[in-house]
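Everything below concerns the one structure shown next.
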Amino acid sequence: MELRFTDEERAFRQEVRDFLAAECPDATRQHMIAGKSPTKEMVVEWQRKLNKRGWAAPEWPKDHGGPGWTPAQKYIFREELQMWPAPSPLGFNINMCGPVIIEFGTPEQKARFLPRMLNLDDWWCQGFSEPGAGSDLAGLKTRAVRDGDHWVINGQKTWTTLAQHADWIFVLARTDPAAKKQEGISFFLVDMKTPGITVRPIVTIEGGHEVNEVFFDDVKVPLDHLVGQENKGWDCAKFLLGNERFGQARVGASRERIRRLKIIARETMDGDRPLIEDPEFRRQMTEMEIELKALEMTVMRVIANETKRAGTGKPDPATSVLKIKGTEIQQGVSELLMKAAGPYAWVDGDPDAEGTNEWDVAPDWAFGLAGVYFNWRKQSIYGGSNEIQRNIMAKAFLGL
Amino acid sequence: MDFDLNESQGMLQDSVRKLLSDKYGFENRKAYLASETGWSRDLWAQYADLGLLGLPFDEEDGGFGGGGEEVMIVAEQMGRHITLEPWLSTVVLGGGFLRHGAAADLRADMVAGVAGGGVLLAFAQQERQSRYDLHDVATTAKKDGASWVITGRKGMVLHGDTADHFIVTARISGNRRDKGGIGVFLVPAKAEGVAVRGFRQVDGSRAAEVEFSDARAEHALGTPEDGLALVDKVVDEAIAALAAEAIGAMDVVHAMTLDYMKTRQQFGKPIGSFQALQHKAADMLVAIEQSRSMAYFATMAARDPDAAERRRNMHAVKAQIGRSQRLVGQEAIQLHGGIAMTMEYAAGHYFKRLTVNEASFGDTDFHLRSLSDLGGLVQAA
Ligand SMILES: Cc1cc2nc3c(=O)[nH]c(=O)nc-3n(C[C@H](O)[C@H](O)[C@H](O)COP(=O)(O)OP(=O)(O)OC[C@H]3O[C@@H](n4cnc5c(N)ncnc54)[C@H](O)[C@@H]3O)c2cc1C
């Protein structure tokens with residue numbers, strides 16, 4: 001046991017910081033400090049800079065374009081990006097579909113898709129959930145039928161995040177309706193430009209457009225766009241979902257938000273003293289910081305364990321702990337930010353929209369904080385809801 | 001104590017319930033929200049017909065002589081439909097200032113207009129720096145002959161964009177955070193020197209920023225220099241109404257959640273069959289029942305002649321209901337899953353309204369702190 005960062009790791013952290021200082025556009029950084037999600041252009045521009053530096057896919061193996069980092073380096077890198085804040089490498093490409101192709105794909109698929117994923121020449125989106133298949137993902141009904149030299153997909157996906165930006169979608173579809181639920185599913189790569197695909201926006205409660213319905217109407221997909229074995233798509237899905245859970249700890253992002261919260265609480269008057277001097281507010285904030293520290297150490301333990309688990313193809317059940325705690329902290333901090341703003345958080349508008357409070361009615365920084373709080377309720381729902389994570393733990397850890 | 005409605009209260013409840021069930025479905029509400037005013041003038045006229053706009057005023061002033069119980073009955077029904085009309089602003093807040101602070105002739109003048117639906121009022125209190133402190137007032141009032149000249153800027157003025165008159169807190173003397181020296185004034189929206197910029201709040205309600213630049217007020221309400229006592233009293237009545245509104249909204253979003261749990265199937269069964277979710281739904285009910293009790297308590301407490309006692313009790317009400325509505329709102333979304341995250345589904349709108357209600361006139365932390373600073377509810381000896 002050696003419970004501290006080595007000199008090399010500290011030097012690496014500095015290297016990442018220097019890179020961020022030199023390369024991350026200030027407009028992107030300021031946009032994100034204001035609590036807005038980065039725009040498509042910001043994400044693409046940044047991903048390409050990362051790719052140029054060889055840092056586009058921290059977790060990928062070296063022979064597929066990864067940087068060959070140690071677990072600690074991967075962690076440090078992600079944390080520094082989130083704290084800056086700068087956009088993370090696009091999750092759909094780098095943490096979802098890419099690893100599936102690396103793990104299960106053919107050499108041709110790897111050669112064709114991976115480099116374009118790294119450089120964000122293709123923006124991917126995740127076509128898993130359906131109206132009738134949320135938590136019970138394996139209950140999905142979208143059908144793929146083989147017809148000569150291609151597959152034909154029919155059905156509907158929903159909640160597809162940022163499908164409006166996407167060039168490609170990875171889709172779970174049923175290829176053997178006679179088999180048991182999990183056993184008749186396959187994993188497909190589908191070009192969003194294929195005739196028969198329709199994307200319809202869903203507006204979320206704060207007024208933003210980040211999710212969509214995606215309809216498939218006789219969509220033709222070449223045979224070699226199936227990943228892994230036919231009817232074994234569930235293996236890909238499980239593998240992917242484990243990675244997704246891991247990504248939701250977002251320790252650096254929460255630390256960045258708490259830092260922001262502290263600045264706000266210092267500058268906001270609550271009566272005749274700054275809000276940060278209110279013992280109750282400070283206590284709530286401190287509680288978040290403590291939980292976050294514990295989460296940070298848990299993340300490191302899981303990362304360290306990763307090396308041992310490598311090759312088993314199975315996600316660490318501890319990722320459920322990260323998902324539950326990570327989202328609880330993020331939601332808690334978003335609530336504190338809204339509370340700090342008080343009534344001034346109530347001016348309506350899409351929190352991601354450019355522009356801030358139009359008038360003097362409320363400070364600029366307060367704009368959108370209620371919206372973000374509303375929107376972040378999603379975190380305990382998606383990526384396997386927090387109830388489902390508890391079910392997973394009960395089964396995998398508790399022997400219940 | 002009698003928790004049952006008497007005959008006329010029962011009739012009042014039935015009539016409001018019937019009107020809102022007919023005219024305030026989720027789709028209706030969307031249309032009102034999208035209209036130019038952001039609420040329905042047509043319904044406003046019907047509220048007037050039902051007597052809801054003259055409800056709390058004395059009969060001799062042209063009102064219906066309703067008390068806190070009647071206000072509670074109506075507010076709860078409005079909460080059930082998360083209505084958008086300026087009832088709280090005009091009738092509860094505005095009406096409260098008229099009832100408790102206006103001289104007889106002014107009252108006679110205004111009440112008929114309010115009760116008939118022709119006059120809308122808004123309470124212009126919040127300032128950029130004031131947060132939840134009602135006594136934090138930078139806006140100034142200077143006496144000029146028989147009238148007053150008001151200068152300052154108010155934000156988050158609920159329904160300020162359609163108001164005919166503003167009820168404005170302004171400082172006559174002392175420093176920004178002094179409890180004395182505050183006056184309450186009636187300023188016509190059309191008066192010279194009044195500029196109004198309307199916007200929508202996250203819960204769908206309309207609000208405005210209002211700037212007074214040497215605007216003239218002909219009427220002071222209550223005792224000039226000691227306006228805070230009046231403000232506290234009226235705000236406490238509004239807190240009681242907000243409490244009842246919260247109960248209505250919580251009841252509905254809870255029922256909606258239970259319905260959904262019975263119909264939504266995952267893993268081949270209704271999600272309501274999962275015990276983890278049953279417990280959460282039961283916890284929501286516990287919170288709602290405790291809140292319902294507190295809403296009754298609020299109605300009793302708001303009329304306490306002992307102002308200090310009244311304030312203490314209202315802090316308790318606000319803190320308890322605040323916590324409950326946060327829990328109920330959050331769990332309603334969680335138990336639904338993704339569907340409740342969409343604008344097209346009603347639950348999210350209830351959640352947003354509950355969130356704003358929680359922090360109206362002070363959030364949970366503010367009231368908890370205020371009450372504990374005052375020594376809590378139970379005396380040691
Ligand atoms: C903003 C947002 C973005 C999303 N992005 C994507 C995306 O890009 N791609 C994609 O494929 N999907 C996406 N999703 C979908 C997400 O994964 C699902 O919402 C999630 O799986 C939950 O499914 P559901 O919404 O149908 O809820 P349901 O599964 O119907 O769940 C409703 C409630 O029941 C609970 N529940 C269900 N089963 C059990 C059980 N066995 N035990 C205890 N409780 C249970 C749930 O926890 C929840 O509280 C997104 C969702 C949201 C809200």
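Identifiers in the structure tokens: chain A, B, ... in order shown; residue index from 1 per chain; ligand index from 1 in order shown.
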| said: Neighbouring residues of ligand 1 are defined here as those with any atom at most 6 Å from a ligand atom, counting only C-alpha atoms and all ligand atoms; list them as a PyMOL selection string. | reply: (chain A and resi 126-129+133-135+159-161+211+378+381-385+387-388) or (chain B and resi 266+271+274+276-277+334-339+341)
Pull the closest atom pair for each residue of chain A that gets at most 6 Å from chain B, along with the distance in Å to one decimal, counting only C-alpha atoms, ordering rows by chain and then ascending residue number, as a tab-separated table.
residue	atom	partner	partner_atom	distance
A:Asp136	CA	B:Gln266	CA	5.5
A:Val203	CA	B:Met343	CA	5.7
A:Thr204	CA	B:Thr342	CA	4.2
A:Ile205	CA	B:Met343	CA	4.6
A:Trp346	CA	B:Gln201	CA	5.1
A:Val347	CA	B:Gln201	CA	4.8
A:Asp348	CA	B:Val202	CA	4.5
A:Val361	CA	B:Gly155	CA	4.7
A:Ile381	CA	B:Gly337	CA	5.7
Those residues with C-alpha atoms, as a compact mmCIF listing (two decimals), in the first residue's frame please?
# COMPACT_ATOMS: atom_id res chain seq x y z
CA ASP A 136 -36.07 -3.47 -18.00
CA VAL A 203 -38.31 19.00 -24.33
CA THR A 204 -37.30 18.39 -20.72
CA ILE A 205 -38.88 20.15 -17.73
CA TRP A 346 -36.55 31.68 -10.79
CA VAL A 347 -36.26 33.67 -13.99
CA ASP A 348 -37.36 31.17 -16.63
CA VAL A 361 -33.83 41.79 -11.27
CA ILE A 381 -32.96 7.96 -13.28
Counting only C-alpha atoms, what is within 7 Å of Phe92 of chain A, bar same-chain residues fewer than 3 positions away, as a JSON list (two decimals) with N, CA, C and O atoms, in the first residue's frame?
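The new file selection.json reads:
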[["chain", "number", "residue", "atom", "x", "y", "z"],
["A", 95, "ASN", "N", -16.46, 6.26, -24.22],
["A", 95, "ASN", "CA", -16.70, 5.38, -23.08],
["A", 95, "ASN", "C", -17.80, 4.37, -23.31],
["A", 95, "ASN", "O", -17.97, 3.44, -22.53],
["A", 96, "MET", "N", -18.58, 4.56, -24.37],
["A", 96, "MET", "CA", -19.65, 3.61, -24.61],
["A", 96, "MET", "C", -19.35, 2.74, -25.82],
["A", 96, "MET", "O", -18.99, 1.58, -25.70],
["A", 97, "CYS", "N", -19.50, 3.32, -27.01],
["A", 97, "CYS", "CA", -19.41, 2.49, -28.20],
["A", 97, "CYS", "C", -17.98, 2.03, -28.51],
["A", 97, "CYS", "O", -17.74, 0.89, -28.87],
["A", 124, "TRP", "N", -21.56, 9.94, -32.00],
["A", 124, "TRP", "CA", -22.41, 8.78, -31.76],
["A", 124, "TRP", "C", -23.49, 9.08, -30.72],
["A", 124, "TRP", "O", -23.32, 9.98, -29.89],
["A", 125, "CYS", "N", -24.58, 8.34, -30.79],
["A", 125, "CYS", "CA", -25.57, 8.43, -29.71],
["A", 125, "CYS", "C", -26.04, 7.02, -29.35],
["A", 125, "CYS", "O", -25.76, 6.06, -30.07],
["A", 126, "GLN", "N", -26.71, 6.93, -28.22],
["A", 126, "GLN", "CA", -27.01, 5.64, -27.61],
["A", 126, "GLN", "C", -28.48, 5.26, -27.80],
["A", 126, "GLN", "O", -29.35, 5.87, -27.18]]
| message | To one decimal place in Å, what is the distance between atom CA of Val214 of chain A and atom CA of Asn119 of chain A? | response |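 Result for atom CA of Val214 of chain A versus atom CA of Asn119 of chain A: 24.8 Å, one decimal.
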| message | Excluding segment 143-151 of chain B and its own-chain neighbours fewer than 2 positions away, which residues fall within 8 Å of it when counting only C-alpha atoms? Please give them as a list in words. | response |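 Contacts, in chain order: Thr139, Thr140, Ala141, Arg153, Ala170, Glu211, Phe212, Ser213, Asp214, Ala215, Arg216, Ala217, Glu218, His219 and Ala220 of chain B.
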| task | Check segment 192-266 of chain A with DSSP on the backbone and list each residue it calls helix (DSSP H, G or I), as a ChimeraX atom specification. | result | /A:223-225,233-247,251-266
C-alpha atoms of the current selection, written as an mmCIF file, in the first residue's frame:
data_model
loop_
_atom_site.group_PDB
_atom_site.id
_atom_site.type_symbol
_atom_site.label_atom_id
_atom_site.label_comp_id
_atom_site.auth_asym_id
_atom_site.auth_seq_id
_atom_site.Cartn_x
_atom_site.Cartn_y
_atom_site.Cartn_z
ATOM 1 C CA LEU A 223 -24.595 -7.193 -42.284
ATOM 2 C CA ASP A 224 -21.136 -6.197 -41.099
ATOM 3 C CA HIS A 225 -22.579 -3.475 -38.880
ATOM 4 C CA GLY A 233 -25.686 -8.179 -27.984
ATOM 5 C CA TRP A 234 -26.612 -8.327 -24.306
ATOM 6 C CA ASP A 235 -22.979 -9.046 -23.457
ATOM 7 C CA CYS A 236 -22.025 -5.810 -25.217
ATOM 8 C CA ALA A 237 -24.804 -3.948 -23.412
ATOM 9 C CA LYS A 238 -23.793 -5.157 -19.971
ATOM 10 C CA PHE A 239 -20.178 -4.324 -20.655
ATOM 11 C CA LEU A 240 -21.160 -0.850 -21.813
ATOM 12 C CA LEU A 241 -23.487 -0.135 -18.909
ATOM 13 C CA GLY A 242 -20.768 -1.001 -16.408
ATOM 14 C CA ASN A 243 -18.529 1.611 -18.012
ATOM 15 C CA GLU A 244 -21.382 4.110 -18.035
ATOM 16 C CA ARG A 245 -21.936 3.736 -14.291
ATOM 17 C CA PHE A 246 -18.298 4.317 -13.677
ATOM 18 C CA GLY A 247 -18.362 7.593 -15.579
ATOM 19 C CA VAL A 251 -15.724 13.704 -8.816
ATOM 20 C CA GLY A 252 -13.914 16.551 -10.535
ATOM 21 C CA ALA A 253 -17.159 18.000 -11.829
ATOM 22 C CA SER A 254 -18.657 18.060 -8.360
ATOM 23 C CA ARG A 255 -15.536 19.631 -6.969
ATOM 24 C CA GLU A 256 -15.738 22.331 -9.632
ATOM 25 C CA ARG A 257 -19.390 23.008 -8.751
ATOM 26 C CA ILE A 258 -18.583 23.208 -5.046
ATOM 27 C CA ARG A 259 -15.800 25.642 -5.797
ATOM 28 C CA ARG A 260 -18.275 27.711 -7.755
ATOM 29 C CA LEU A 261 -20.786 27.436 -4.937
ATOM 30 C CA LYS A 262 -18.218 28.757 -2.493
ATOM 31 C CA ILE A 263 -17.448 31.769 -4.633
ATOM 32 C CA ILE A 264 -21.149 32.484 -4.948
ATOM 33 C CA ALA A 265 -21.784 31.988 -1.241
ATOM 34 C CA ARG A 266 -18.945 34.337 -0.462
#
| field | Per-residue DSSP, segment 36-153 of chain B, filtered to strand (DSSP E or B), as a list in words | value |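 Matching residues for strand (DSSP E or B) in segment 36-153 of chain B are Leu121, Ala122, Phe123, Ala124, Thr140, Ala141, Lys142, Lys143, Asp144, Ser147, Trp148, Val149, Ile150, Thr151, Gly152 and Arg153 of chain B.
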Dump of N, CA and C atoms for the selected residues, as a compact mmCIF listing (two decimals), in the first residue's frame:
# COMPACT_ATOMS: atom_id res chain seq x y z
N LEU B 121 -53.77 43.41 -8.23
CA LEU B 121 -52.76 43.96 -7.33
C LEU B 121 -51.50 43.10 -7.34
N ALA B 122 -50.37 43.71 -7.00
CA ALA B 122 -49.13 42.94 -6.84
C ALA B 122 -48.31 43.54 -5.71
N PHE B 123 -47.62 42.67 -5.02
CA PHE B 123 -46.83 43.07 -3.86
C PHE B 123 -45.38 43.25 -4.32
N ALA B 124 -44.92 44.51 -4.31
CA ALA B 124 -43.56 44.81 -4.77
C ALA B 124 -42.66 44.96 -3.56
N THR B 140 -36.86 54.06 -1.38
CA THR B 140 -37.16 55.15 -0.45
C THR B 140 -38.52 55.78 -0.71
N ALA B 141 -39.09 56.36 0.34
CA ALA B 141 -40.34 57.11 0.25
C ALA B 141 -40.13 58.46 0.92
N LYS B 142 -40.48 59.51 0.20
CA LYS B 142 -40.37 60.86 0.80
C LYS B 142 -41.72 61.53 0.76
N LYS B 143 -42.03 62.14 1.88
CA LYS B 143 -43.31 62.82 1.98
C LYS B 143 -43.26 64.09 1.13
N ASP B 144 -44.32 64.32 0.38
CA ASP B 144 -44.40 65.53 -0.42
C ASP B 144 -45.84 66.03 -0.36
N SER B 147 -48.95 63.53 -0.41
CA SER B 147 -48.58 62.25 -1.02
C SER B 147 -47.12 61.90 -0.75
N TRP B 148 -46.71 60.76 -1.32
CA TRP B 148 -45.37 60.24 -1.10
C TRP B 148 -44.70 60.02 -2.44
N VAL B 149 -43.38 60.17 -2.44
CA VAL B 149 -42.63 59.98 -3.67
C VAL B 149 -41.70 58.78 -3.49
N ILE B 150 -41.87 57.78 -4.36
CA ILE B 150 -41.18 56.49 -4.19
C ILE B 150 -40.09 56.32 -5.24
N THR B 151 -38.93 55.88 -4.80
CA THR B 151 -37.83 55.63 -5.73
C THR B 151 -37.11 54.34 -5.33
N GLY B 152 -36.97 53.47 -6.32
CA GLY B 152 -36.25 52.22 -6.04
C GLY B 152 -36.65 51.15 -7.04
N ARG B 153 -36.01 49.98 -6.88
CA ARG B 153 -36.20 48.92 -7.85
C ARG B 153 -36.60 47.64 -7.14
| message | Taking only C-alpha atoms into account, name the residue in B:Lys179, B:Leu20, B:Asp49, B:Val196 that is nearest to Asp164 of chain B. | response | B:Val196
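In this structure, atom CA of Gly68 of chain A sits 11.5 Å away from atom CA of Ala56 of chain A.
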| task | Find the distance between atom CA of Val253 of chain B and atom CA of Ala332 of chain B and write it in Å to one decimal. | result |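 Computed distance, atom CA of Val253 of chain B to atom CA of Ala332 of chain B, equals 6.7 Å.
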| request: Find the spatial neighbours of Gln77 of chain B, counting only C-alpha atoms, within a cut-off of 10 Å - ignore same-chain residues fewer than 5 positions away - and output them as a count of residues only. | output: 17
| task | Name all residues at most 12 Å from Leu322 of chain A (count only C-alpha atoms; drop same-chain ones fewer than 3 positions away) and give them as an MDAnalysis selection string. | result | chainID A and resid 242:251 291:292 294:303 316:319 325:330 380 383 386 389:390 393
| said: Can you pull out the residues contacting Lys49 of chain A? Cut-off 12 Å, using only C-alpha atoms, and skip same-chain residues under 3 positions away; I want them as JSON, numbers by chain. | reply: {"A": [19, 20, 22, 23, 24, 25, 42, 43, 44, 45, 46, 52, 53, 54, 55, 56, 57, 86, 87, 88, 89, 118, 119, 120]}
| field | Nearest to Met78 of chain B by atom-to-atom distance, counting only C-alpha atoms, from B:Gly227, B:Gly95, B:Gly198, B:Gly25 | value |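 Smallest separation from Met78 of chain B among the options: B:Gly25.
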